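Everything on this sheet refers to the single structure shown next.
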Amino acid sequence: MTNQTSNSTAGVNHLRRIATIWVVLAVIVDVLYAIFVGPHVPPGRLTTSAADNQNTFNVLIMISLPVLVGVWVYMAYSLRNWTEKRNGADNFAGAVAQTNKKAQVSWIVITSVTVLILAAYGSYAVVSEHGSGGGEGPNPAWAPAGALKAETAALVGKATWAPGSKNVLPVQVIGQQWKFTYRYPTFGGFESTQLMLPADTTIAFNVTSLDVIHSFWAYQLSVKADANPQVNNVAFTETKDPGKFTVRCSELCGIWHGAMYNSGEVLSQAAFENWATSTEAANAANTALLPAFAWTYVPDANGAAGSYYPDGTATPYSPVETYGAKQPAS
Amino acid sequence: MTSTLNNSHGPSETPEEREYEMRAHISSIWTGGRLFIGIYTFMLASLVFSYFYLRSSNNGLLWRPDHVTAPRTYGLLIFGLSMTTSVLAYVGRKRLAKGSFSDFNVAAWTGLGTGLLALLLQILEMSHLPFFPGSSGYASCFVGFGVMNMITLAISAYWIETTAARGLRVRRELPGENAEFSSHPRARSFRADVASMAYFQVFVGLTGALLFAMFYLM
Amino acid sequence: MTISAERSTEVVGASSGHDGGSKGLSWTQRPGLLSQNLITAIVFAIVGYVVGHWFGNYLSSGYTYISNSGQNSIANTLALTFGVVGWLLGIGALNYPLAKLLGYDGLEEEAPVDNWTKYFRYSLDHKVVGLQYVVGVLLFMFTGGLLAMAVRAELLNPTTHLFSPDTYIKIVSEHGTIMMMMATSIIVGPLGNYFVPLMIGARRMAFPRIEALSFWIFTAGYMVIFSALPYGGFPTGWTGYAPLQTQAGPGMVSYLLGFAVIGFGMILAGFNQAVTIINYRAPGMTWSRVPIFVWSILATASLLTLATPVLFAGGLFGLLDKTVQTAFYVTEHGGSSYLWQNLFWFFGHPEVYIMALPGFGIAGEILPVFTRRPLFAYKVAAAGMIGVALLSFFVWQHHLFQSGINPDMRPLFMLTTELISIPTGFIFLVGLGTLYRAKLRLEIPMLFVLALFFNFLIGGVTGVFLSDVPVNVTVHGGFFVLSHFHYTIMGGLLFAFMAGLYYWLPKMTGKMMNKKIGKVHFWMMFVFFNLTFFPMFIIGLLGQPRRVFTYASNLQGLNDFASVSAFLLGLSFLVFFFNLVWSMWIKPEAAPANPWESQGLEWLTASPVPSYNFERIPVILTDPYRYSEPEAPAYADLGTGGPADPSTHSMA
């Protein structure tokens with residue numbers, strides 16, 4: 001079973017033929033993709049995480065397309081040239097198929113190297129892009145500069161943001177059955193059903209839930225973070241130009257999960273400042289009735305979380321007081 | 001087919017084939033016993049994982065408020081009795097291997113008694129818990145442990161009882177003195193069963209010690 | 001005493017109990033209405049259900065907030081549990097365990113009933129269990145498929161709704177759960193049970209009673225999970241995330257208990273397969289001579305036995321949460337919603353390899369027969385399967401990238417997930433290598449295997465996208481991941497199942513499946529499968545989440561295209577059922593002894609297969625798949641002085 005056999009039958013080198021067809025087709029497909037499809041691939045380029053994710057997606061596609069093409073070309077070739085009708089009606093072929101060690105080793109090496117490169121590239125992408133818009137839990141490992149400081153400041157009401165300040169803007173996303181609301185600690189902690197963001201700003205999303213698990217998916221921002229009760233899931237992105245985006249819940253949260261969506265907009269810095277300060281003023285009476293800003297709002301057996309039921313006797317759940325700057329992991 | 005001896009055989013066959021199948025059967029009891037321990041390990045590991053996971057999360061500071069602990073007397077008694085069963089099973093098996101059926105018999109039936117007593121005490125403990133099941137992470141894990149322990153004790157009691165009963169029946173039904181040590185297929189199967197059973201009981205004893213430490217001593 | 005090719009000719013006397021008569025049968029096994037069969041199982045199940053319900057109400061009578069709630073989880077749990085126990089009692093699965101308490105060892109038991117009613121009983125013939133599983137699996141598939149049609153009908157229009165959101169989410173959840181439960185056993189159950197002993201040259205499984213028990217538990221599990229619907233369904237999807245699980249109504253108990261029951265059956269099935277393959281191989285069958293299908297079942301069995309206990313524990317904790325109010329999954333009381341996620345996915349990822357590996361096994365088994373070539377890189381294929389099984393325990397957190405887990409874990413799990421694609425890719429190395437300069441016979445089983453390669457390639461490659469953390473932000477939780485797993489599970493496993501059925505039904509039933517109808521079935525299934533699920537990648541990339549009843553209006557075109565294709569895909573399954581009925585009953589065509597000219601051991605024994613499988617235990621002489629060597633020795637010596645002749649010892 002291990003005798004060597006040449007690749008050819010009557011002078012035809014099958015593997016070379018297949019390889020030629022493959023390379024030509026793969027190059028054509030990759031080039032067509034890069035020119036016509038690549039730039040338009042979701043989620044677009046509205047934020048740095050979106051651009052990064054789009055780039056990573058395109059890299060993966062440009063590697064996958066040759067793989068798909070290769071296997072399909074080989075299979076099509078075999079269906080055309082190596083059926084029994086074409087090869088004669090004997091039960092056995094003339095040439096004994098052998099276990100080609102070279103082919104096996106090459107395959108294993110090439111697939112391993114490709115996969116390791118992809119893993120390294122993916123790790124690089126996620127670290128360099130500060131999590132790439134994905135939820136990093138309450139203790140984010142890859143935060144942009146100034147983000148953790150802004151977060152800590154937000155909790156005690158000392159976060160600030162103004163056009164041109166280059167500060168990180170913390171925004172809290174509260175999921176509940178079945179809508180998302182948003183709180184802005186830098187503007188007095190008012191709660192809004194609209195998600196407005198300033199352009200050219202690093203945003204720190206703090207996603208939490210009041211009941212079951214939801215998932216905050218701001219599609220064009222390329223941010224996705226699960227909303228868990230009593231957990232603060234932090235995700236980062238950096239907006240670039242103004243634009244509109246949709247928000248959808250992407251974790252099944254009950255009957256009206258399908259209806260849990262809204263839209264938001266990235267405004268210019270001045271317009272955002274305008275919106276935020278005027279909404280803060282307009283909502284001042286409501287904001288005074290809300291629980292104090294906290295990372296989570298779910299009451300537990302130890303009492304009210306985030307002073308949700310402020311009655312003076314319950315111990316408020318303050319992560320900073322209890323755990324210091326480091327939030328409890330889940 | 002049903003019968004190890006009769007019905008999986010062809011209408012006519014050779015002694016080598018009979019012996020081949022018998023050895024496969026005996027090895028299966030060995031392999032099966034070890035694999036069963038593997039299965040059980042993963043189930044208990046889920047409990048251990050839950051314990052340490054909830055402990056490190058300490059959500060709402062409710063892992064173990066006031067270091068609540070289940071009643072230690074119950075725990076000690078249950079663990080002690082269950083450990084006795086394990087030891088008796090081990091000793092019984094060793095004595096059977098040395099040729100003493102009566103030692104095995106006594107050990108097995110006593111082991112069944114201690115095992116059943118442990119099961120009874122576990123049920124009693126679970127129906128008289130001093131804390132509400134959902135009052136803390138520890139409480140939830142303890143209830144889960146209690147249920148799993150009941151399952152474990154029931155399985156171990158079943159296995160020791162069936163081997164003991166089997167020993168008596170083999171001794172009675174097979175021809176000749178000390179039939180249980182003969183090379184009759186039923187006797188060989190019985191001895192293999194005892195070996196696997198003892199192995200499992202030792203496993204139960206060891207994991208019981210770990211779980212006892214986790215829930216009553218830590 | 002070993003068995004060799006020069007075997008002795010001394011025979012022992014004929015064994016007893018082969019006349020199929022009722023001499024010496026225990027009363028529970030004799031033919032007749034009162035003996036244990038499907039009818040007694042149903043009756044005992046109903047009685048058990050009622051008793052359990054009463055008992056649960058009795059236990060909770062002291063707690064008015066439970067007993068007055070109209071959804072007493074304790075009563076529901078006990079009702080379903082006692083119902084399952086009654087089912088098993090009624091079919092006779094518990095006779096032996098109970099008799100063991102009296103020391104009974106079952107080694108000299110008489111043959112049970114051997115007429116057509118054996119298919120409706122607790123049978124210890126692995127071939128009967130295999131055929132029972134075929135029916136069971138097709139029943140699951142039909143139910144799940146109908147639910148899928150309902151889902152796609154709802155998604156035809158984003159604003160006009162056929163179902164209320166409550167009903168819709170119930171349908172979605174039930175579809176997913178039933179399909180996943182079916183898919184776990186779809187090959188191991190029918191084809192694994194029927195053919196593994198034949199392919200390793202054994203006369204029986206190591207533990208025939210456990211094997212039969214696994215089937216009756218499988219059916220009990222189906223009924224438990226189906227009972228969710230009359231109980232009001234469950235809203236969590238097949239993934240059952242807490243705290244939605246905690247919030248849900250009585251139907252949730254059916255889900256949790258259903259998983260516990262099916263999980264128990266899966267553990268038993270895997271246990272039996274693993275022990276059989278390790279111990280009952282025929283003499284001469286060293287590990288390098290084991291058929292690749294058997295390797296895949298061994299790898300699958302390792303996952304079935306070791307991963308499923310975690311599901312069982314997770315389900316148990318969920319049931320405790322619902323019945324005695326523990327707080328395993330309730331963050332606010334010291335538990336954690338992440339605990340369920342971790343336990344579930346620790347099982348859930350090996351689970352999908354439980355589904356993928358048997359499909360690869362069938363592909364590997366069928367390729368040599370229809371290419372007339374040895375299996376290329378056989379050792380790599382087997383090693384790959386073991387590698388996949390082992391690695392599958394280390395990747396589970398790739399389902400949780402955006403959930404708020406420790407972020408440092410994510411590159412680690414990205415790496416392990418990427419690594420697992422290496423052994424998974426070996427099946428393509430093997431497939432392409434076997435196709436090289438082959439003599440392809442494009443029979444229907446081969447067509448399905450080629451389709452498997454086509455589909456699984458897409459499914460596998462999209463898996464790499466999902467494993468990449470940045471890209472995962474876009475593709476998790478939407479239709480992209482949905483399409484990925486339909487491509488791998490349905491496009492891979494289900495096509496492999498069809499290949500296996502078309503290939504092996506002639507052996508199991510003695511009848512060929514009709515080729516013309518089969519070709520219609522294949523092309524419809526392949527084309528419409530791809531037309532249904534390929535657009536879903538795009539739908540997912542364009543932002544549609546999973547499990548929703550409404551979506552952006554610009555996606556309606558794609559959704560409608562997918563829905564219509566899905567209906568036609570459903571139609572292709574009806575064509576399959578029609579083919580089954582046509583070929584088995586309406587116009588059966590007798591199958592030759594070895595229609596595919598396969599060298600597999602299962603084809604060399606007599607047809608129909610006698611209850612004892614082989615007249616003599618075979619001796620394996622050489623490697624399998626020596627197709628392109630005309631001078632190769634026979635694979636096995638069956639001890640009958642030549643290839644198996646048509647059986648004169650038929651029992652049926």
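Ligands are numbered from 1 in the order shown, residues from 1 within each chain, and chains are lettered A, B, ... in the order they appear in the structure tokens.
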
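All residues of protein, DNA or RNA that reach within 10 Å of Gln325 (chain C), judged by only C-alpha atoms and not counting those fewer than 4 positions away in the chain, are Phe132, Pro133, Gly134, Ser135, Ser140 and Val143 of chain B; Thr246, Gly318, Leu319, Leu320, Asp321 and Val330 of chain C.
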
Original post:
Neighbours of Asn149 (chain B) within 9 Å (only C-alpha atoms; same-chain residues fewer than 4 positions away dropped), as an MDAnalysis selection string?
Top reply: chainID B and resid 119 122 144:145 153:154 208

Store the residues of this selection in a file with C-alpha atoms, as a PDB file, in the first residue's frame.
ATOM      1  CA  LEU B 119     -28.834   7.310  52.788  1.00  0.00           C
ATOM      2  CA  GLN B 122     -28.952  12.143  54.225  1.00  0.00           C
ATOM      3  CA  GLY B 144     -27.339  20.074  45.054  1.00  0.00           C
ATOM      4  CA  PHE B 145     -24.719  18.105  46.943  1.00  0.00           C
ATOM      5  CA  LEU B 153     -25.511   6.366  48.105  1.00  0.00           C
ATOM      6  CA  ALA B 154     -28.461   4.718  46.390  1.00  0.00           C
ATOM      7  CA  GLY B 208     -16.932  11.610  49.631  1.00  0.00           C
TER       8      GLY B 208
END

**OP:** Using only C-alpha atoms, find which residues of chain B lie within 8 Å of chain A and jot them down as a PyMOL selection string.
**Re:** chain B and resi 57+59-62

Could you write out that same residue set with N, CA and C atoms as a CSV table (one decimal), in the first residue's frame?
chain,number,residue,atom,x,y,z
B,57,SER,N,-17.3,34.2,42.7
B,57,SER,CA,-18.1,35.3,42.3
B,57,SER,C,-18.7,36.1,43.4
B,59,ASN,N,-21.6,36.7,44.4
B,59,ASN,CA,-22.6,37.7,43.9
B,59,ASN,C,-23.4,38.2,45.0
B,60,GLY,N,-23.5,39.6,45.1
B,60,GLY,CA,-24.3,40.2,46.2
B,60,GLY,C,-23.8,39.9,47.6
B,61,LEU,N,-22.5,39.5,47.7
B,61,LEU,CA,-21.9,39.1,48.9
B,61,LEU,C,-22.7,37.9,49.6
B,62,LEU,N,-23.4,37.1,48.7
B,62,LEU,CA,-24.2,36.1,49.2
B,62,LEU,C,-23.7,34.7,49.0

Subject >> Residue among A:Ala282, A:Met196, A:Ala218, A:Val212 lying closest to chain C, counting only C-alpha atoms >> reply: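 Going through A:Ala282, A:Met196, A:Ala218, A:Val212 one by one, the smallest distance to chain C is for A:Val212.
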
Original post:
Skipping near chain neighbours, those fewer than 6 positions away, what residues fall within 8 Å of Leu81 (chain B) using only C-alpha atoms, listed as a PyMOL selection string?
Top reply: chain B and resi 114-115+117-118

For the selection just defined, write its residues with C-alpha atoms to a file, as a CSV table (one decimal), in the first residue's frame.
chain,number,residue,atom,x,y,z
B,114,THR,CA,-24.2,1.2,56.7
B,115,GLY,CA,-24.8,2.5,53.2
B,117,LEU,CA,-28.3,4.1,57.0
B,118,ALA,CA,-26.2,6.8,55.4

**OP:** Give the answer as one residue: which of C:Gly460, C:Arg152, C:Ser392, C:Ile354 has the shortest atom-to-atom distance to Met536 (chain C), using only C-alpha atoms?
**Re:** C:Arg152

**OP:** Would you mind writing down, as a ChimeraX atom specification, each residue of region 25-156 of chain B that DSSP on the backbone assigns to alpha helix (DSSP H)?
**Re:** /B:25-57,72-97,101-127,137-156

**OP:** Fewer than 5 positions away in the same chain doesn't count, so skip those; otherwise give me all residues within 9 Å of Leu169 (chain A), counting only C-alpha atoms, as a PyMOL selection string.
**Re:** chain A and resi 147+150-151+159-161+184-186+197-198+201-205

Got time to write the residues from that selection, C-alpha atoms, as a PDB file, in the first residue's frame?
ATOM      1  CA  ALA A 147     -11.188  54.960  30.089  1.00  0.00           C
ATOM      2  CA  ALA A 150     -13.364  58.093  33.428  1.00  0.00           C
ATOM      3  CA  GLU A 151     -15.349  55.103  34.647  1.00  0.00           C
ATOM      4  CA  ALA A 159     -16.814  62.476  35.027  1.00  0.00           C
ATOM      5  CA  THR A 160     -16.715  65.321  32.575  1.00  0.00           C
ATOM      6  CA  TRP A 161     -16.878  65.579  28.861  1.00  0.00           C
ATOM      7  CA  TYR A 184     -25.281  59.584  30.903  1.00  0.00           C
ATOM      8  CA  PRO A 185     -23.322  59.997  34.165  1.00  0.00           C
ATOM      9  CA  THR A 186     -21.371  62.922  32.730  1.00  0.00           C
ATOM     10  CA  LEU A 197     -23.194  59.874  20.849  1.00  0.00           C
ATOM     11  CA  PRO A 198     -20.580  62.454  19.945  1.00  0.00           C
ATOM     12  CA  THR A 201     -14.904  60.223  20.892  1.00  0.00           C
ATOM     13  CA  THR A 202     -13.997  57.077  22.766  1.00  0.00           C
ATOM     14  CA  ILE A 203     -17.161  55.675  24.316  1.00  0.00           C
ATOM     15  CA  ALA A 204     -17.220  53.302  27.255  1.00  0.00           C
ATOM     16  CA  PHE A 205     -20.475  51.373  27.204  1.00  0.00           C
TER      17      PHE A 205
END

**OP:** List the neighbours of region 167-180 of chain B out to 8 Å using only C-alpha atoms; skip same-chain residues closer than 2 positions along the sequence, and give me the result as a VMD selection string.
**Re:** (chain B and resid 105 163 to 165 182 184 186 to 188 190 to 191) or (chain C and resid 103 to 104)

Closest pair table for chain A residues within 7 Å of chain C, only C-alpha atoms, as a tab-separated table:
residue	atom	partner	partner_atom	distance
A:Pro42	CA	C:Leu541	CA	6.1
A:Pro43	CA	C:Thr474	CA	6.9
A:Asn53	CA	C:Pro470	CA	5.4
A:Thr56	CA	C:Val471	CA	6.5
A:Phe57	CA	C:Val471	CA	5.9
A:Leu60	CA	C:Phe465	CA	6.9
A:Ser64	CA	C:Val461	CA	6.7
A:Ser78	CA	C:Leu435	CA	6.5
A:Trp82	CA	C:Ala438	CA	5.4
A:Thr83	CA	C:Leu440	CA	4.1
A:Glu84	CA	C:Lys439	CA	4.1
A:Asn87	CA	C:Lys439	CA	6.2
A:Phe92	CA	C:Ser628	CA	4.7
A:Ala93	CA	C:Ser628	CA	5.8
A:Val96	CA	C:Ser628	CA	5.7
A:Ala97	CA	C:Arg373	CA	6.6
A:Thr99	CA	C:Ala377	CA	5.9
A:Thr111	CA	C:Ile422	CA	6.1
A:Ser112	CA	C:Ile422	CA	6.1
A:Val115	CA	C:Glu418	CA	5.7
A:Ala119	CA	C:Leu415	CA	5.4
A:Gly122	CA	C:Asp468	CA	5.7
A:Ser123	CA	C:Pro411	CA	5.6
A:Ala125	CA	C:Pro470	CA	6.9
A:Val126	CA	C:Pro470	CA	5.8
A:Ser132	CA	C:Pro470	CA	5.4
A:Gly133	CA	C:Val473	CA	6.9
A:Gly134	CA	C:Gln402	CA	5.4
A:Gly135	CA	C:Gln402	CA	4.7
A:Glu136	CA	C:Pro407	CA	5.1
A:Gly137	CA	C:Gly404	CA	3.6
A:Pro140	CA	C:Pro407	CA	6.5
A:Ala141	CA	C:Pro407	CA	6.1
A:Val212	CA	C:Pro243	CA	5.1
A:Ile213	CA	C:Pro243	CA	6.8
A:Tyr219	CA	C:Gly543	CA	6.5
A:Ser222	CA	C:Thr474	CA	6.3
A:Val223	CA	C:Val473	CA	6.6
A:Lys224	CA	C:Val473	CA	5.6
A:Ala225	CA	C:Gln402	CA	5.2
A:Asp226	CA	C:Ser403	CA	4.7
A:Gln230	CA	C:Thr331	CA	6.9
A:Asn233	CA	C:Gly404	CA	5.4
A:Ser250	CA	C:Pro545	CA	5.2
A:Glu251	CA	C:Gly477	CA	6.3
A:Leu252	CA	C:Thr236	CA	6.6
A:Cys253	CA	C:Leu244	CA	6.5
A:Gly254	CA	C:Pro235	CA	5.7
A:Ile255	CA	C:Asp166	CA	5.2
A:Trp256	CA	C:Pro165	CA	6.4
A:His257	CA	C:Val548	CA	6.4
A:Gly258	CA	C:Val548	CA	4.0
A:Ala259	CA	C:Thr550	CA	6.8
A:Pro299	CA	C:Glu332	CA	6.9
A:Asp300	CA	C:Glu332	CA	4.6
A:Ala301	CA	C:His333	CA	6.2
A:Ser330	CA	C:Ile405	CA	6.9

Dump as a PDB file, in the first residue's frame, selection limited to C-alpha atoms:
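Dumped everything to selection02.pdb:
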ATOM      1  CA  PRO A  42     -20.958  44.925   7.391  1.00  0.00           C
ATOM      2  CA  PRO A  43     -20.717  46.462   9.876  1.00  0.00           C
ATOM      3  CA  ASN A  53     -14.009  44.227  12.537  1.00  0.00           C
ATOM      4  CA  THR A  56     -10.652  41.320  10.118  1.00  0.00           C
ATOM      5  CA  PHE A  57     -13.705  39.943   8.349  1.00  0.00           C
ATOM      6  CA  LEU A  60     -10.724  36.007   6.885  1.00  0.00           C
ATOM      7  CA  SER A  64     -11.386  31.425   3.112  1.00  0.00           C
ATOM      8  CA  SER A  78     -12.705  14.533  -9.722  1.00  0.00           C
ATOM      9  CA  TRP A  82     -12.389  10.252 -12.192  1.00  0.00           C
ATOM     10  CA  THR A  83     -15.768   8.582 -12.410  1.00  0.00           C
ATOM     11  CA  GLU A  84     -15.905   4.901 -13.082  1.00  0.00           C
ATOM     12  CA  ASN A  87     -11.805   5.097 -15.912  1.00  0.00           C
ATOM     13  CA  PHE A  92      -9.794  -2.362  -9.496  1.00  0.00           C
ATOM     14  CA  ALA A  93      -7.610   0.304 -11.009  1.00  0.00           C
ATOM     15  CA  VAL A  96      -2.595   1.292  -6.423  1.00  0.00           C
ATOM     16  CA  ALA A  97      -3.511   4.323  -4.427  1.00  0.00           C
ATOM     17  CA  THR A  99      -0.807   6.811   1.473  1.00  0.00           C
ATOM     18  CA  THR A 111      -3.598  24.103   8.001  1.00  0.00           C
ATOM     19  CA  SER A 112      -1.838  24.452  11.350  1.00  0.00           C
ATOM     20  CA  VAL A 115      -4.894  28.640  11.798  1.00  0.00           C
ATOM     21  CA  ALA A 119      -5.395  33.166  15.988  1.00  0.00           C
ATOM     22  CA  GLY A 122      -7.312  37.856  15.865  1.00  0.00           C
ATOM     23  CA  SER A 123      -5.635  38.301  19.247  1.00  0.00           C
ATOM     24  CA  ALA A 125      -6.852  42.806  16.539  1.00  0.00           C
ATOM     25  CA  VAL A 126      -8.836  42.409  19.700  1.00  0.00           C
ATOM     26  CA  SER A 132     -13.075  45.449  19.286  1.00  0.00           C
ATOM     27  CA  GLY A 133     -16.438  46.496  20.592  1.00  0.00           C
ATOM     28  CA  GLY A 134     -17.064  43.265  22.457  1.00  0.00           C
ATOM     29  CA  GLY A 135     -18.183  43.132  26.060  1.00  0.00           C
ATOM     30  CA  GLU A 136     -15.214  42.629  28.370  1.00  0.00           C
ATOM     31  CA  GLY A 137     -16.989  42.116  31.662  1.00  0.00           C
ATOM     32  CA  PRO A 140     -11.892  45.083  31.097  1.00  0.00           C
ATOM     33  CA  ALA A 141      -8.415  43.958  30.205  1.00  0.00           C
ATOM     34  CA  VAL A 212     -32.847  38.577  32.395  1.00  0.00           C
ATOM     35  CA  ILE A 213     -29.917  38.377  30.007  1.00  0.00           C
ATOM     36  CA  TYR A 219     -24.905  47.193  14.693  1.00  0.00           C
ATOM     37  CA  SER A 222     -19.946  47.142  15.970  1.00  0.00           C
ATOM     38  CA  VAL A 223     -20.523  46.886  19.682  1.00  0.00           C
ATOM     39  CA  LYS A 224     -21.998  43.798  21.245  1.00  0.00           C
ATOM     40  CA  ALA A 225     -22.148  43.214  24.976  1.00  0.00           C
ATOM     41  CA  ASP A 226     -24.453  40.936  26.936  1.00  0.00           C
ATOM     42  CA  GLN A 230     -26.003  42.618  38.638  1.00  0.00           C
ATOM     43  CA  ASN A 233     -20.289  44.534  31.073  1.00  0.00           C
ATOM     44  CA  SER A 250     -29.318  39.853  20.324  1.00  0.00           C
ATOM     45  CA  GLU A 251     -29.926  37.499  23.233  1.00  0.00           C
ATOM     46  CA  LEU A 252     -33.292  35.848  23.634  1.00  0.00           C
ATOM     47  CA  CYS A 253     -34.935  37.566  26.560  1.00  0.00           C
ATOM     48  CA  GLY A 254     -38.529  36.467  26.417  1.00  0.00           C
ATOM     49  CA  ILE A 255     -41.620  37.000  24.369  1.00  0.00           C
ATOM     50  CA  TRP A 256     -40.930  40.433  22.922  1.00  0.00           C
ATOM     51  CA  HIS A 257     -37.254  39.883  22.232  1.00  0.00           C
ATOM     52  CA  GLY A 258     -37.924  40.440  18.565  1.00  0.00           C
ATOM     53  CA  ALA A 259     -39.384  43.837  19.225  1.00  0.00           C
ATOM     54  CA  PRO A 299     -31.754  44.461  44.516  1.00  0.00           C
ATOM     55  CA  ASP A 300     -30.374  41.454  46.286  1.00  0.00           C
ATOM     56  CA  ALA A 301     -30.881  39.785  49.612  1.00  0.00           C
ATOM     57  CA  SER A 330     -18.994  37.254  37.380  1.00  0.00           C
TER      58      SER A 330
END

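What separates CA of Leu35 (chain B) from CA of Val128 (chain C) is a distance of 25.7 Å.
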
**OP:** Please identify all polymer residues within 8 Å of Leu303 (chain C), counting only C-alpha atoms, omitting same-chain residues fewer than 6 positions from it, and present them as a PyMOL selection string.
**Re:** chain C and resi 270+350-351+353-354+389

**OP:** Determine the nearest neighbour of chain C from the options B:Gly146, B:Gly111, B:Gly99, B:Gly205, counting only C-alpha atoms.
**Re:**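 Answer, going by the shortest atom-to-atom distance: B:Gly146.
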
Subject >> CA of Leu501 (chain C) to CA of Met223 (chain C), distance in Å rounded to a single decimal >> reply: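 CA of Met223 (chain C) lies at a distance of 24.8 Å from CA of Leu501 (chain C).
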
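Among the candidate residues C:Gly500, C:Gly83, C:Gly387, C:Gly639, the one lying nearest to chain B is C:Gly639, with distances computed using only C-alpha atoms.
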
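Each of A:Gly44, A:Ala199, A:His130, A:Phe293 was compared to Lys158 (chain A) using only C-alpha atoms, and A:Phe293 turns out to be the nearest.
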
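For the pair CA of Ala97 (chain B) and CA of Phe181 (chain B), the separation is 8.9 Å.
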
Original post:
From the list B:Leu211, B:Ile29, B:Pro15, B:Asp66, which residue is nearest Val48 (chain B) when using only C-alpha atoms?
Top reply: B:Leu211

If we count only C-alpha atoms, what is near Tyr51 (chain B) at a cut-off of 8 Å, once residues fewer than 2 positions away on the same chain are taken out, given as a compact mmCIF listing (two decimals) with N, CA and C atoms, in the first residue's frame?
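This is the output file selection-v2.txt:
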# COMPACT_ATOMS: atom_id res chain seq x y z
N LEU B 47 -20.49 19.72 40.21
CA LEU B 47 -20.85 20.25 41.52
C LEU B 47 -19.68 21.01 42.12
N VAL B 48 -18.50 20.42 42.03
CA VAL B 48 -17.31 21.06 42.59
C VAL B 48 -17.05 22.39 41.88
N PHE B 49 -17.20 22.35 40.56
CA PHE B 49 -17.03 23.58 39.78
C PHE B 49 -18.00 24.64 40.25
N TYR B 53 -16.96 28.21 41.72
CA TYR B 53 -17.31 29.33 40.86
C TYR B 53 -18.17 30.33 41.61
N LEU B 54 -19.20 29.83 42.28
CA LEU B 54 -20.07 30.73 43.03
C LEU B 54 -19.31 31.36 44.19
N ARG B 55 -18.37 30.60 44.73
CA ARG B 55 -17.57 31.13 45.83
C ARG B 55 -16.72 32.30 45.37
N GLY B 137 -25.39 31.15 48.09
CA GLY B 137 -24.78 30.27 47.10
C GLY B 137 -24.41 28.94 47.73
N TYR B 138 -23.86 29.01 48.92
CA TYR B 138 -23.49 27.78 49.62
C TYR B 138 -24.70 26.90 49.85
N CYS B 141 -25.65 25.17 46.64
CA CYS B 141 -24.70 24.09 46.34
C CYS B 141 -24.89 22.93 47.29
